[in-house]
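A short write-up of the structure that comes next.
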Amino acid sequence: MQKINRNVVLALLSLASLIFLLFQLCYYKFYLSQKNGAAFSKVRGSQSGQDSTRWHVVRKFLGLISSHNIPVYLIDPLILGLVDKDIEQIRSSPDGPSSECKYFCAPRDFTTFALLDKTWKHEVGLFRSAEKMGFQWLKIINKDPRLDGMDDLSGVEIPLHYIFKLASHAIHLVVFYERSGNFLWHGPLRLKQRMDRKFVPFRKLHFGRYPGAYEKPELLLVSIDDLKVQIPKNPSSFLDEMSHSRFLECRYREARAFFQMYPDDASLDAVEFRKKGKSLLHLAALTLNNLGVKFWLSSGTCLGWYRQCNVIPHSKDVDLGIFIRDYKADIIPAFQNAGLPLKHKFGKVEDSLELSFQGEDDVKLDIFFFYEEDDHIWNGGTQAKSGKKFKYLFPKFTLCWTEFVELKVHVPCETLQYVEANYGPEWKVPVKMWDWKSSPFNVQDNGVWPIDEWDNVIQIY
């Protein structure tokens with residue numbers, strides 16, 4: 001009798017366990033899967049599990065933004081890198097390159113899309129719909145730098161990033177804004193107090209470490225893993241641009257403090273020079289950009305941007321830097337064709353090259369070529385009447401984008417070190433008397449040009 005009872009009890013326990021297991025499976029399939037987006041319906045050639053979850057989250061997100069008529073485009077560097085390898089096949093195939101889930105199933109914690117701010121304004125309805133689909137979301141805002149200026153340091157905040165999380169995958173939506181220099185800008189991702197810092201692995205986000213500047217991309221609608229999505233028409237160009245996209249804002253607060261101590265020159269001559277300097281800088285940028293030559297603001301022009309967010313009116317010239325490795329023989333004829341005659345050419349490509357072009361009236365454009373050594377960078381100078389050579393030493397630096405006089409232009413990322421090398425620790429104090437042979441803190445004697453080379457290395461027009 002006891003034996004029978006034990007068998008019955010074991011059978012009942014086994015049946016109860018089976019019923020409970022079936023209940024859990026049904027609960028997961030019909031409730032949790034709908035809530036968290038983890039239902040693994042068939043994806044072409046994809047694996048089940050985590051790989052498929054990524055695809056499903058992206059699909060749901062694209063459905064969400066499509067229902068709200070929000071035009072986003074893919075900027076995820078991992079996926080664009082994979083897409084770039086198959087770009088010709090993807091462009092030519094309306095149904096995608098293969099039956100395998102190759103792109104959106106790739107291992108990663110998030111997928112990144114971009115949104116142009118002016119194309120969408122109604123976020124409340126989107127958030128409600130996202131929550132109904134099971135998404136959790138986070139909105140990151142910060143002040144709008146486009147409204148900052150010498151007369152107004154705006155505190156207006158704008159959305160910079162959105163993050164939508166579903167199951168174990170997240171969508172990072174980066175908001176791009178158009179700047180007056182006719183380029184696109186995105187802000188940094190800075191979490192405010194009380195925000196959940198474990199919401200996603202923020203440190204891994206490709207577009208959150210610092211602000212970025214980009215050209216306006218031409219977009220292409222393609223099918224990837226059975227999903228219709230817009231991508232940059234040339235993914236490799238976008239990825240290259242991304243690797244050099246870091247952006248620095250002009251320091252308007254510091255500039256205002258500077259002008260409180262040293263009132264700005266508002267004379268007619270100063271206003272006229274700034275106007276001509278801006279025009280010359282725009283023409284120089286257009287000319288060099290058309291040649292594909294990378295350049296940056298140097299010397300007094302760089303100091304003007306960093307110290308007072310404007311052209312220094314008593315400088316009387318515009319100064320640019322170019323690495324000698326980027327030198328092209330077409331530079332001189334290109335500027336001459338642009339209406340800027342060559343004023344002087346000092347040095348040679350191998351040593352201390354410097355070009356000067358005559359702009360409008362007495363405003364000139366000086367281009368200094370920089371040479372890289374193991375532990376420093378330098379540019380040269382030449383005194384025409386004596387043939388003396390000078391060398392100006394700088395610590396090594398990288399290049400960042402900024403916006404200056406309504407122009408997207410490069411400056412050294414390590415601007416303070418660059419400025420201090422040239423102008424010393426008192427760079428904040430205006431100096432109107434400046435001798436290029438002795439005033440710079442980083443100037444060194446560099447010998448004398450041999451007389452038999454003067455005809456080649458000292459050319460004045």
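Labeling convention for the structure tokens: chains A, B, ... as they appear, residues from 1 per chain, ligands from 1 in order of appearance.
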
- [ ] Per DSSP on the backbone, filter range 70-246 of chain A down to the residues in helix (DSSP H, G or I) and report them as a ChimeraX atom specification.
- [x] /A:77-85,87-92,117-119,123-132,145-147,202-204,235-243

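Among the candidates A:Leu147, A:Leu393, A:Val293, A:Cys400, the residue lying nearest to Gly212 in chain A is A:Cys400 (atoms considered: only C-alpha atoms).
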
TODO: Could you give me, as a PyMOL selection string, each residue of range 303-364 of chain A that DSSP assigns to strand (DSSP E or B) when run on this structure's backbone?
DONE: chain A and resi 317-323+342-348+351-358+364

Task: Selection: 8 Å around Pro211 in chain A, only C-alpha atoms, excl. self and same-chain fewer than 4 positions, as number ranges by chain - done: A: 185-188, 207, 245-248

TODO: Give the answer as one residue: which of A:Asp51, A:Phe295, A:Pro313, A:Trp378 has the shortest atom-to-atom distance to Leu268 in chain A, using only C-alpha atoms?
DONE: A:Pro313

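In this structure, CA of Glu249 in chain A sits 14.0 Å away from CA of Phe183 in chain A.
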
Open item on the list: From the options A:Asn234, A:Ser299, A:Thr398, A:Asn310, which residue's atoms come nearest to Phe323 in chain A, counting only C-alpha atoms?
Closed with: A:Thr398

TODO: Find the distance between CA of Lys391 in chain A and CA of Ile460 in chain A and write it in Å to one decimal.
DONE: 20.2 Å
